[in-house]
Each structure stands twice: as C-alpha cells, then as structure tokens.
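So this block is start.txt, compact mmCIF, C-alpha atoms:
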```txt
# COMPACT_ATOMS: atom_id res chain seq x y z
CA MET K 1035 107.87 103.18 60.52
CA THR K 1036 107.98 106.47 58.64
CA THR K 1037 104.83 108.55 58.87
CA ILE K 1038 103.60 109.79 55.49
CA ILE K 1039 102.34 113.38 55.75
CA PRO K 1040 99.55 114.04 53.22
CA ASP K 1041 100.21 116.54 50.40
CA GLY K 1042 99.49 120.10 51.43
CA PHE K 1043 100.26 119.54 55.12
CA THR K 1044 103.29 119.89 57.38
CA VAL K 1045 103.89 118.47 60.84
CA ARG K 1046 106.01 120.40 63.33
CA ARG K 1047 106.43 121.10 67.04
CA ILE K 1048 103.86 123.61 68.32
CA ASP K 1049 105.02 127.23 68.60
CA SER K 1050 103.62 130.63 69.57
CA ARG K 1051 102.05 131.18 66.10
CA ASP K 1052 99.61 128.37 66.89
CA PHE K 1053 97.76 130.27 69.63
CA ASP K 1054 94.48 130.69 67.73
CA GLY K 1055 94.68 127.46 65.76
CA ALA K 1056 95.46 125.30 68.79
CA LYS K 1057 92.57 126.85 70.74
CA VAL K 1058 90.11 126.28 67.88
CA ALA K 1059 91.16 122.66 67.38
CA LEU K 1060 91.15 121.89 71.14
CA ALA K 1061 87.76 123.57 71.62
CA GLY K 1062 86.32 120.71 69.53
CA LEU K 1063 87.60 118.32 72.22
CA THR K 1064 86.87 120.02 75.54
CA THR K 1065 86.84 123.31 77.46
CA VAL K 1066 89.87 125.45 76.66
CA GLY K 1067 88.95 128.55 78.67
CA GLU K 1068 90.18 132.10 78.51
CA ILE K 1069 93.91 131.69 78.00
CA SER K 1070 95.75 134.68 76.50
CA GLN K 1071 98.62 134.63 74.01
CA GLU K 1072 100.89 135.33 76.97
CA ASP K 1073 99.48 132.36 78.94
CA PHE K 1074 99.92 130.21 75.83
CA ASN K 1075 103.55 131.27 75.36
CA SER K 1076 104.16 130.62 79.03
CA ILE K 1077 102.79 127.05 78.76
CA LEU K 1078 104.99 126.39 75.71
CA GLY K 1079 107.99 127.81 77.57
CA TYR K 1080 107.26 125.60 80.55
CA TRP K 1081 106.90 122.54 78.30
CA ASP K 1082 110.24 123.31 76.64
CA SER K 1083 111.90 123.45 80.07
CA VAL K 1084 110.89 119.94 81.16
CA LEU K 1085 113.59 117.52 80.06
CA LEU K 1086 113.96 113.76 80.34
CA PRO K 1087 117.07 112.19 81.91
CA ASN K 1088 118.39 111.76 78.32
CA GLY K 1089 118.12 115.53 77.75
CA LYS K 1090 115.20 115.25 75.32
CA GLN K 1091 111.90 117.04 75.87
CA ALA K 1092 109.26 115.33 78.03
CA TYR K 1093 106.38 117.31 76.47
CA ASN K 1094 106.10 116.79 72.73
CA THR K 1095 103.14 118.67 71.28
CA PHE K 1096 102.92 118.67 67.50
CA VAL K 1097 100.59 120.32 65.04
CA ILE K 1098 99.68 119.36 61.50
CA THR K 1099 99.26 122.61 59.58
CA ALA K 1100 97.91 123.37 56.12
CA LYS K 1101 100.91 124.54 54.06
CA GLU K 1102 99.12 127.38 52.28
CA THR K 1103 97.24 128.95 55.16
CA GLU K 1104 99.35 127.81 58.16
CA LYS K 1105 96.04 126.79 59.80
CA VAL K 1106 96.24 124.16 62.56
CA ALA K 1107 94.45 121.13 61.15
CA ALA K 1108 95.31 118.78 64.04
CA ILE K 1109 97.11 118.86 67.38
CA GLY K 1110 98.31 116.26 69.86
CA THR K 1111 100.87 115.53 72.57
CA VAL K 1112 103.07 112.69 73.66
CA PHE K 1113 104.17 113.38 77.22
CA VAL K 1114 106.93 111.11 78.55
CA GLU K 1115 107.18 109.75 82.08
CA LYS K 1116 110.26 108.27 83.78
CA LYS K 1117 109.53 105.18 85.87
CA ILE K 1118 111.34 102.84 88.28
CA ILE K 1119 109.73 99.77 86.69
CA HIS K 1120 110.95 98.20 83.43
CA ASN K 1121 114.59 99.04 84.25
CA GLY K 1122 113.85 102.70 84.88
CA GLY K 1123 111.83 102.79 81.66
CA LEU K 1124 110.02 105.58 79.85
CA VAL K 1125 106.29 105.54 79.09
CA GLY K 1126 104.64 107.91 76.62
CA HIS K 1127 101.20 109.32 77.34
CA ILE K 1128 99.30 110.48 74.27
CA GLU K 1129 97.05 113.37 75.29
CA ASP K 1130 94.65 115.92 73.84
CA ILE K 1131 94.33 114.75 70.26
CA ALA K 1132 92.10 117.07 68.24
CA VAL K 1133 91.37 117.58 64.56
CA ASN K 1134 89.87 120.91 63.48
CA SER K 1135 86.39 120.16 62.10
CA ASP K 1136 87.30 121.88 58.79
CA PHE K 1137 89.87 119.15 58.21
CA ARG K 1138 87.93 116.00 59.11
CA GLY K 1139 87.84 113.01 56.74
CA GLN K 1140 91.46 113.38 55.62
CA LYS K 1141 92.85 110.77 58.00
CA LEU K 1142 94.91 113.42 59.78
CA GLY K 1143 94.06 111.87 63.15
CA LYS K 1144 95.74 108.62 62.12
CA VAL K 1145 98.72 110.51 60.67
CA LEU K 1146 99.12 112.40 63.95
CA ILE K 1147 98.87 109.28 66.15
CA ASN K 1148 101.43 107.49 63.97
CA TYR K 1149 103.72 110.52 64.15
CA LEU K 1150 103.43 110.93 67.94
CA SER K 1151 103.94 107.18 68.41
CA SER K 1152 107.14 107.34 66.36
CA ILE K 1153 108.35 110.28 68.46
CA GLY K 1154 107.69 108.31 71.67
CA LYS K 1155 109.46 105.26 70.25
CA GLN K 1156 112.49 107.36 69.22
CA LEU K 1157 112.64 108.83 72.73
CA GLY K 1158 112.97 105.27 74.06
CA CYS K 1159 109.48 104.60 75.43
CA TYR K 1160 108.86 100.89 76.07
CA LYS K 1161 105.16 101.59 75.57
CA ILE K 1162 102.77 104.42 74.80
CA ILE K 1163 99.33 104.61 76.37
CA LEU K 1164 96.28 106.78 75.82
CA ASP K 1165 92.72 106.97 77.05
CA CYS K 1166 89.73 107.24 74.73
CA ASP K 1167 85.98 106.90 74.56
CA GLU K 1168 84.68 103.40 73.80
CA LYS K 1169 83.49 104.74 70.41
CA ASN K 1170 87.09 105.54 69.37
CA VAL K 1171 88.56 102.12 70.16
CA GLY K 1172 88.25 101.02 66.51
CA PHE K 1173 90.14 104.11 65.33
CA TYR K 1174 93.03 103.46 67.72
CA GLU K 1175 93.10 99.78 66.76
CA LYS K 1176 93.70 100.94 63.17
CA CYS K 1177 96.66 102.92 64.59
CA ASP K 1178 98.10 99.65 66.04
CA TYR K 1179 96.92 100.27 69.62
CA ASN K 1180 95.22 97.55 71.70
CA LYS K 1181 92.86 97.70 74.63
CA ALA K 1182 94.85 97.59 77.87
CA GLY K 1183 92.44 98.54 80.66
CA ILE K 1184 89.91 100.96 82.04
CA GLU K 1185 90.44 104.67 82.62
CA MET K 1186 89.12 105.91 85.98
CA GLN K 1187 88.89 109.54 87.06
CA ILE K 1188 88.10 111.79 89.99
CA ARG K 1189 87.19 115.42 89.18
CA TYR K 1190 87.77 118.43 91.39
CA GLN K 1191 86.68 121.19 88.99
CA MET Y 1150 89.49 115.17 102.96
CA THR Y 1151 92.15 114.12 105.47
CA THR Y 1152 93.58 110.68 104.88
CA ILE Y 1153 93.67 108.54 108.03
CA ILE Y 1154 96.91 106.55 108.17
CA PRO Y 1155 96.40 103.24 110.03
CA ASP Y 1156 98.20 102.70 113.36
CA GLY Y 1157 101.70 101.36 112.91
CA PHE Y 1158 102.22 102.97 109.50
CA THR Y 1159 103.67 106.22 108.16
CA VAL Y 1160 103.29 107.81 104.74
CA ARG Y 1161 106.15 109.83 103.29
CA ARG Y 1162 107.81 110.81 100.03
CA ILE Y 1163 110.03 108.02 98.67
CA ASP Y 1164 113.75 108.32 99.42
CA SER Y 1165 116.97 106.37 98.82
CA ARG Y 1166 116.35 104.06 101.82
CA ASP Y 1167 113.41 102.56 99.92
CA PHE Y 1168 115.54 100.90 97.23
CA ASP Y 1169 114.86 97.30 98.31
CA GLY Y 1170 111.34 97.89 99.59
CA ALA Y 1171 110.18 99.72 96.49
CA LYS Y 1172 111.60 97.01 94.22
CA VAL Y 1173 109.90 94.22 96.23
CA ALA Y 1174 106.52 96.00 96.22
CA LEU Y 1175 106.71 96.92 92.51
CA ALA Y 1176 107.81 93.39 91.55
CA GLY Y 1177 104.30 92.29 92.60
CA LEU Y 1178 102.93 94.59 89.89
CA THR Y 1179 105.24 94.14 86.89
CA THR Y 1180 108.84 93.71 85.73
CA VAL Y 1181 111.24 95.91 87.68
CA GLY Y 1182 114.51 94.72 86.14
CA GLU Y 1183 118.08 95.02 87.31
CA ILE Y 1184 118.27 98.55 88.63
CA SER Y 1185 121.09 99.30 91.10
CA GLN Y 1186 120.93 101.53 94.16
CA GLU Y 1187 122.77 104.12 92.05
CA ASP Y 1188 120.17 103.89 89.25
CA PHE Y 1189 117.43 104.19 91.87
CA ASN Y 1190 119.00 107.29 93.42
CA SER Y 1191 119.41 108.76 89.98
CA ILE Y 1192 115.69 108.26 89.17
CA LEU Y 1193 114.71 109.90 92.49
CA GLY Y 1194 117.08 112.79 91.77
CA TYR Y 1195 115.59 113.21 88.31
CA TRP Y 1196 112.04 113.15 89.73
CA ASP Y 1197 112.99 115.82 92.28
CA SER Y 1198 114.29 118.04 89.48
CA VAL Y 1199 111.03 118.13 87.50
CA LEU Y 1200 108.96 121.06 88.73
CA LEU Y 1201 105.52 122.36 87.80
CA PRO Y 1202 105.00 126.01 86.78
CA ASN Y 1203 103.95 126.64 90.41
CA GLY Y 1204 107.34 125.38 91.64
CA LYS Y 1205 105.93 122.19 93.18
CA GLN Y 1206 107.14 118.75 92.18
CA ALA Y 1207 105.58 117.07 89.16
CA TYR Y 1208 106.52 113.55 90.31
CA ASN Y 1209 105.05 112.66 93.68
CA THR Y 1210 105.93 109.12 94.70
CA PHE Y 1211 104.95 108.16 98.22
CA VAL Y 1212 105.49 105.05 100.33
CA ILE Y 1213 103.52 103.72 103.26
CA THR Y 1214 106.06 102.17 105.63
CA ALA Y 1215 105.68 100.02 108.74
CA LYS Y 1216 106.85 102.20 111.65
CA GLU Y 1217 108.77 99.45 113.47
CA THR Y 1218 110.61 97.87 110.57
CA GLU Y 1219 110.67 100.75 108.02
CA LYS Y 1220 109.49 98.15 105.46
CA VAL Y 1221 107.73 99.52 102.37
CA ALA Y 1222 104.13 98.26 102.65
CA ALA Y 1223 102.78 100.20 99.65
CA ILE Y 1224 104.02 102.55 96.95
CA GLY Y 1225 102.38 104.81 94.39
CA THR Y 1226 102.84 107.94 92.30
CA VAL Y 1227 100.81 110.93 91.24
CA PHE Y 1228 102.57 112.52 88.28
CA VAL Y 1229 101.25 115.95 87.26
CA GLU Y 1230 100.87 117.21 83.69
CA LYS Y 1231 100.46 120.83 82.54
CA LYS Y 1232 97.91 121.28 79.76
CA ILE Y 1233 96.61 124.03 77.47
CA ILE Y 1234 93.00 122.93 77.97
CA HIS Y 1235 90.94 123.82 81.05
CA ASN Y 1236 92.61 127.24 81.34
CA GLY Y 1237 96.11 125.79 81.30
CA GLY Y 1238 95.01 123.21 83.86
CA LEU Y 1239 96.89 120.46 85.66
CA VAL Y 1240 95.97 116.78 85.46
CA GLY Y 1241 97.30 114.15 87.87
CA HIS Y 1242 98.18 110.69 86.62
CA ILE Y 1243 98.17 108.01 89.29
CA GLU Y 1244 100.74 105.38 88.34
CA ASP Y 1245 102.35 102.19 89.63
CA ILE Y 1246 100.30 101.47 92.73
CA ALA Y 1247 101.61 98.39 94.53
CA VAL Y 1248 101.04 96.86 97.96
CA ASN Y 1249 103.65 94.43 99.27
CA SER Y 1250 101.96 91.02 99.57
CA ASP Y 1251 102.95 90.81 103.28
CA PHE Y 1252 100.68 93.81 103.93
CA ARG Y 1253 97.55 92.88 101.97
CA GLY Y 1254 94.10 93.02 103.61
CA GLN Y 1255 94.83 96.15 105.63
CA LYS Y 1256 93.20 98.57 103.20
CA LEU Y 1257 96.56 100.25 102.55
CA GLY Y 1258 95.74 100.48 98.83
CA LYS Y 1259 92.72 102.66 99.57
CA VAL Y 1260 94.71 104.75 102.06
CA LEU Y 1261 97.39 105.33 99.43
CA ILE Y 1262 94.93 106.26 96.66
CA ASN Y 1263 93.16 108.70 98.99
CA TYR Y 1264 96.50 110.20 99.99
CA LEU Y 1265 97.79 110.57 96.41
CA SER Y 1266 94.43 112.04 95.34
CA SER Y 1267 94.66 114.65 98.11
CA ILE Y 1268 98.22 115.51 97.00
CA GLY Y 1269 97.02 115.99 93.41
CA LYS Y 1270 94.10 118.12 94.56
CA GLN Y 1271 96.40 120.29 96.71
CA LEU Y 1272 98.70 120.78 93.71
CA GLY Y 1273 95.70 122.20 91.83
CA CYS Y 1274 94.75 119.32 89.53
CA TYR Y 1275 91.27 119.73 88.05
CA LYS Y 1276 91.12 115.95 87.75
CA ILE Y 1277 93.18 112.85 88.44
CA ILE Y 1278 93.11 109.84 86.14
CA LEU Y 1279 94.46 106.32 86.34
CA ASP Y 1280 94.28 103.14 84.34
CA CYS Y 1281 93.41 99.77 85.85
CA ASP Y 1282 92.33 96.26 85.01
CA GLU Y 1283 88.58 95.70 84.72
CA LYS Y 1284 88.80 93.58 87.92
CA ASN Y 1285 89.98 96.60 89.95
CA VAL Y 1286 87.19 98.97 88.88
CA GLY Y 1287 85.19 98.22 92.05
CA PHE Y 1288 88.18 99.05 94.25
CA TYR Y 1289 88.69 102.42 92.58
CA GLU Y 1290 84.97 103.17 92.77
CA LYS Y 1291 85.29 102.76 96.57
CA CYS Y 1292 88.07 105.39 96.34
CA ASP Y 1293 85.58 107.82 94.66
CA TYR Y 1294 86.84 107.25 91.11
CA ASN Y 1295 84.46 106.69 88.18
CA LYS Y 1296 84.87 104.99 84.82
CA ALA Y 1297 85.95 107.54 82.22
CA GLY Y 1298 87.09 105.61 79.17
CA ILE Y 1299 89.26 102.88 77.72
CA GLU Y 1300 93.04 102.61 78.03
CA MET Y 1301 94.80 101.73 74.77
CA GLN Y 1302 98.48 100.86 74.40
CA ILE Y 1303 101.20 100.16 71.87
CA ARG Y 1304 104.27 98.29 73.12
CA TYR Y 1305 107.78 98.55 71.77
CA GLN Y 1306 109.64 96.37 74.32
```

Just give me the structure of the file as structure tokens.
Amino acid sequence: MTTIIPDGFTVRRIDSRDFDGAKVALAGLTTVGEISQEDFNSILGYWDSVLLPNGKQAYNTFVITAKETEKVAAIGTVFVEKKIIHNGGLVGHIEDIAVNSDFRGQKLGKVLINYLSSIGKQLGCYKIILDCDEKNVGFYEKCDYNKAGIEMQIRYQ
Amino acid sequence: MTTIIPDGFTVRRIDSRDFDGAKVALAGLTTVGEISQEDFNSILGYWDSVLLPNGKQAYNTFVITAKETEKVAAIGTVFVEKKIIHNGGLVGHIEDIAVNSDFRGQKLGKVLINYLSSIGKQLGCYKIILDCDEKNVGFYEKCDYNKAGIEMQIRYQ
C-alpha cells in the first residue's frame, strides 16, 4: 500500500526544526511540559541512537508539514519492539498521534496512520498495535485496525 | 511497594539458562516458533544493548523460577519508551506475561506484575500500560491497574 500525501503537504522524519510545531500539535493531545529546544534535540538524538537488530531505527517519529509554511500539521510515532515470541518477531507500537487543530478535517490523521503502518510493515513488524479512546475506534477501523483488547494503566505522576 | 516473592521462588532478570523454560511458558500465551538457543541468546544480547537516556536498560524481562529446580514458573517484560510528552517522560509497556501451567494458582502472575511495575516506577516511568483480554481486566484491577482505553491492531503475518 502506498500512502497518498495530500497536495500541499510533505511527510518526513521529525527533526530539530519541528520543536515548536511538535509541541503545539502534541499539546492538543496531552501535557507536553516545559521542554527546551536543547531537551528536544536530545530526545531526537536519543531516538536516533536506538537501533533494531536489523540496524534500522526503533523510534520512527514522522511529521506531516505544510509545504509553504513548514508548519507541523500532524505528528506520530511507530516505536518497534523486539520479542522472543513469533520467531523473535517485531511489533510496532503507534504512539502519540496528534493533528494540529488548524489542520483538522483534511484526513491527515488517516494519512499519518497509513504512513506509520507502512513504515512498521517495511521494518518487518508482524503486527502493529495502538491504544485509543473508545470514541476513536471507528476512525482506526477506517485505517484497517481492529479491536484487539483492553488497555490498562497504572500512573505514578 | 516491596514485592513479596513467595517461598520457594526467586525473581531475576532473564538469562541464557532460561531458553527452554521461557519457551514453554510463552507457548501457553501465543506462538513462539522455532527459535534456537543461539537466536535466544542473540535476542537477550540485543535487549541488553538497548539503553535509556539515563543509562538503564529499556528492555526488562524477568523470570520467576522455582528455587529447587530452576524451572521458569512465570515470565514478563516491562519495556520502556522515551517520549516528548510529559516533559520528555518515560512510559513502561508491560508485555508477554506468561505463567507456566504447572505453576498456576499460586498468584505468581500478580507477583510478577507487581514486580515489573516496581521496576518501571524505579526507572522513572510516569505510567505503565499494558493490553489484555476483556476477561483479564479483573486480574489487572487487583494489581492496581485501571481501564484506560481500547487496544487496536493490524496484522501482517
């Protein structure tokens, strides 16, 4: 499956230019906190350093940007885990999907999920999983995901 | 919270001796496949190599073993992810929890979840998440976990 990127947008791996745009988009999802440009660069550097056994990156955070303004319209990650099960298989975890509110209604969320799913598939994942609110199940079903279970959490902060 | 390990059992990080025991326990959960001792050692070596920004291990797979026989009674992982959100926070993912059927009914599952949760907390995770079948929600609630959302998946193999 090739992901079609809508006219006027580009998809690429996150980089240090995305400091403000990533924070704005993610703030629509949850608490981001007071991270500096230096903290941000340090996280991206850490992510780049974590490799899979096949030498590819385990953290794959991509942004969809508006071509003219370079604004971050959407952001999301597929983070890949090496397992013993399934013949030492790889599982992708889709995390922290956010669309900047200025760019809603353009189906960029679906574009991003399709793109991240194709990245996970190319990396050799036998499955990709994600957790969402009950109200977003229909959206993910349109992205070819199916219900698989219940997410449980324990919070320390 | 200190985890109480039942008499006759030890909890420790997985190592190469656990090849057979880990496979037997995990086979009760899902497909393990034809991994060799060499493949197994290679996965453990890879896991050891993946460090968090704080220098601690990102993959934390522990086994509960029977002291007398060294048999693997239970196995589970807390795998830690570095995020941008929550001030560059860490999230633990509990994965692949399995109790060998010979050791059921001894509450080792709860012991293991408590132990892995305490590991994740010590590593600095602001939360730990896991996915389970609807029928196991009650068990995880007894381990102080709460429902947080729906797990969705796409499968490629």

Open item on the list: Show me, as a PyMOL selection string, the residues that have an atom within 10 Å of Ala1297 (chain Y) when counting all atoms listed in the file, minus same-chain residues fewer than 3 positions from it.
Closed with: (chain K and resi 1165-1168+1184-1188) or (chain Y and resi 1278-1280+1294+1300)

Task: Residue nearest Gln1140 (chain K) among K:Ala1092, K:Gly1172, K:Ala1108, K:Leu1085 (counting only C-alpha atoms) - done: K:Ala1108

Contacts of region 1183-1193 of chain Y at 12 Å or less, counting all atoms listed in the file, minus same-chain residues fewer than 5 places along, as a compact mmCIF listing (two decimals) with C-alpha atoms, in the coordinates of the input?
```
# COMPACT_ATOMS: atom_id res chain seq x y z
CA LEU K 1086 113.96 113.76 80.34
CA PRO K 1087 117.07 112.19 81.91
CA ASN K 1088 118.39 111.76 78.32
CA GLU K 1115 107.18 109.75 82.08
CA LYS K 1116 110.26 108.27 83.78
CA LYS K 1117 109.53 105.18 85.87
CA ILE K 1118 111.34 102.84 88.28
CA ILE K 1119 109.73 99.77 86.69
CA HIS K 1120 110.95 98.20 83.43
CA ASN K 1121 114.59 99.04 84.25
CA GLY K 1122 113.85 102.70 84.88
CA GLY K 1123 111.83 102.79 81.66
CA LEU K 1124 110.02 105.58 79.85
CA ARG Y 1162 107.81 110.81 100.03
CA ILE Y 1163 110.03 108.02 98.67
CA ASP Y 1164 113.75 108.32 99.42
CA SER Y 1165 116.97 106.37 98.82
CA ARG Y 1166 116.35 104.06 101.82
CA ASP Y 1167 113.41 102.56 99.92
CA PHE Y 1168 115.54 100.90 97.23
CA ASP Y 1169 114.86 97.30 98.31
CA GLY Y 1170 111.34 97.89 99.59
CA ALA Y 1171 110.18 99.72 96.49
CA LYS Y 1172 111.60 97.01 94.22
CA ALA Y 1176 107.81 93.39 91.55
CA SER Y 1198 114.29 118.04 89.48
CA VAL Y 1199 111.03 118.13 87.50
CA GLN Y 1206 107.14 118.75 92.18
CA TYR Y 1208 106.52 113.55 90.31
CA ASN Y 1209 105.05 112.66 93.68
CA THR Y 1210 105.93 109.12 94.70
CA PHE Y 1211 104.95 108.16 98.22
```

How big is the axis-aligned box around all listed atoms of region 1157-1169 of chain Y once 6 Å goes on each side, and where's its centre, in Å to one decimal, as JSON?
```
{"center_x": 109.3, "center_y": 104.1, "center_z": 105.1, "size_x": 27.3, "size_y": 25.5, "size_z": 27.7}
```

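Taking CA of Leu1265 (chain Y) as the reference point, CA of Gly1079 (chain K) is found at 27.5 Å.
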
Task: 6 Å contact set for Phe1158 (chain Y), all atoms listed in the file, chain neighbours under 4 positions out, as JSON, numbers by chain - done: {"Y": [1214, 1215, 1216]}

Do a neighbour search on Leu1261 (chain Y) at 10 Å with all atoms listed in the file, toss out local chain neighbours closer than 4 positions, and write the hits as a tab-separated table (two decimals) with C-alpha atoms, keeping the file's coordinate frame.
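Result written to selection06.tsv:
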```
chain	number	residue	atom	x	y	z
Y	1152	THR	CA	93.58	110.68	104.88
Y	1153	ILE	CA	93.67	108.54	108.03
Y	1154	ILE	CA	96.91	106.55	108.17
Y	1160	VAL	CA	103.29	107.81	104.74
Y	1211	PHE	CA	104.95	108.16	98.22
Y	1212	VAL	CA	105.49	105.05	100.33
Y	1213	ILE	CA	103.52	103.72	103.26
Y	1223	ALA	CA	102.78	100.20	99.65
Y	1224	ILE	CA	104.02	102.55	96.95
Y	1225	GLY	CA	102.38	104.81	94.39
Y	1226	THR	CA	102.84	107.94	92.30
Y	1246	ILE	CA	100.30	101.47	92.73
Y	1247	ALA	CA	101.61	98.39	94.53
Y	1248	VAL	CA	101.04	96.86	97.96
Y	1256	LYS	CA	93.20	98.57	103.20
Y	1257	LEU	CA	96.56	100.25	102.55
Y	1265	LEU	CA	97.79	110.57	96.41
Y	1266	SER	CA	94.43	112.04	95.34
Y	1267	SER	CA	94.66	114.65	98.11
Y	1292	CYS	CA	88.07	105.39	96.34
```

TODO: For CA of Phe1228 (chain Y) and CA of Ile1277 (chain Y), determine how far apart the two atoms are, in Å to one decimal place.
DONE: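 Interatomic distance here is 9.4 Å.
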
- [ ] Up to 7 Å from (104.7, 93.6, 96.4) in the file's coordinates: name the residues, counting only C-alpha atoms, as an NGL selection string.
- [x] :Y and (1173-1178 or 1247-1250)

- [ ] Have a look at Y:Lys1259, Y:Arg1161, Y:His1242, Y:Arg1253 and name the one nearest to Lys1291 (chain Y); count all atoms listed in the file.
- [x]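 Smallest separation from Lys1291 (chain Y) among the options: Y:Lys1259.
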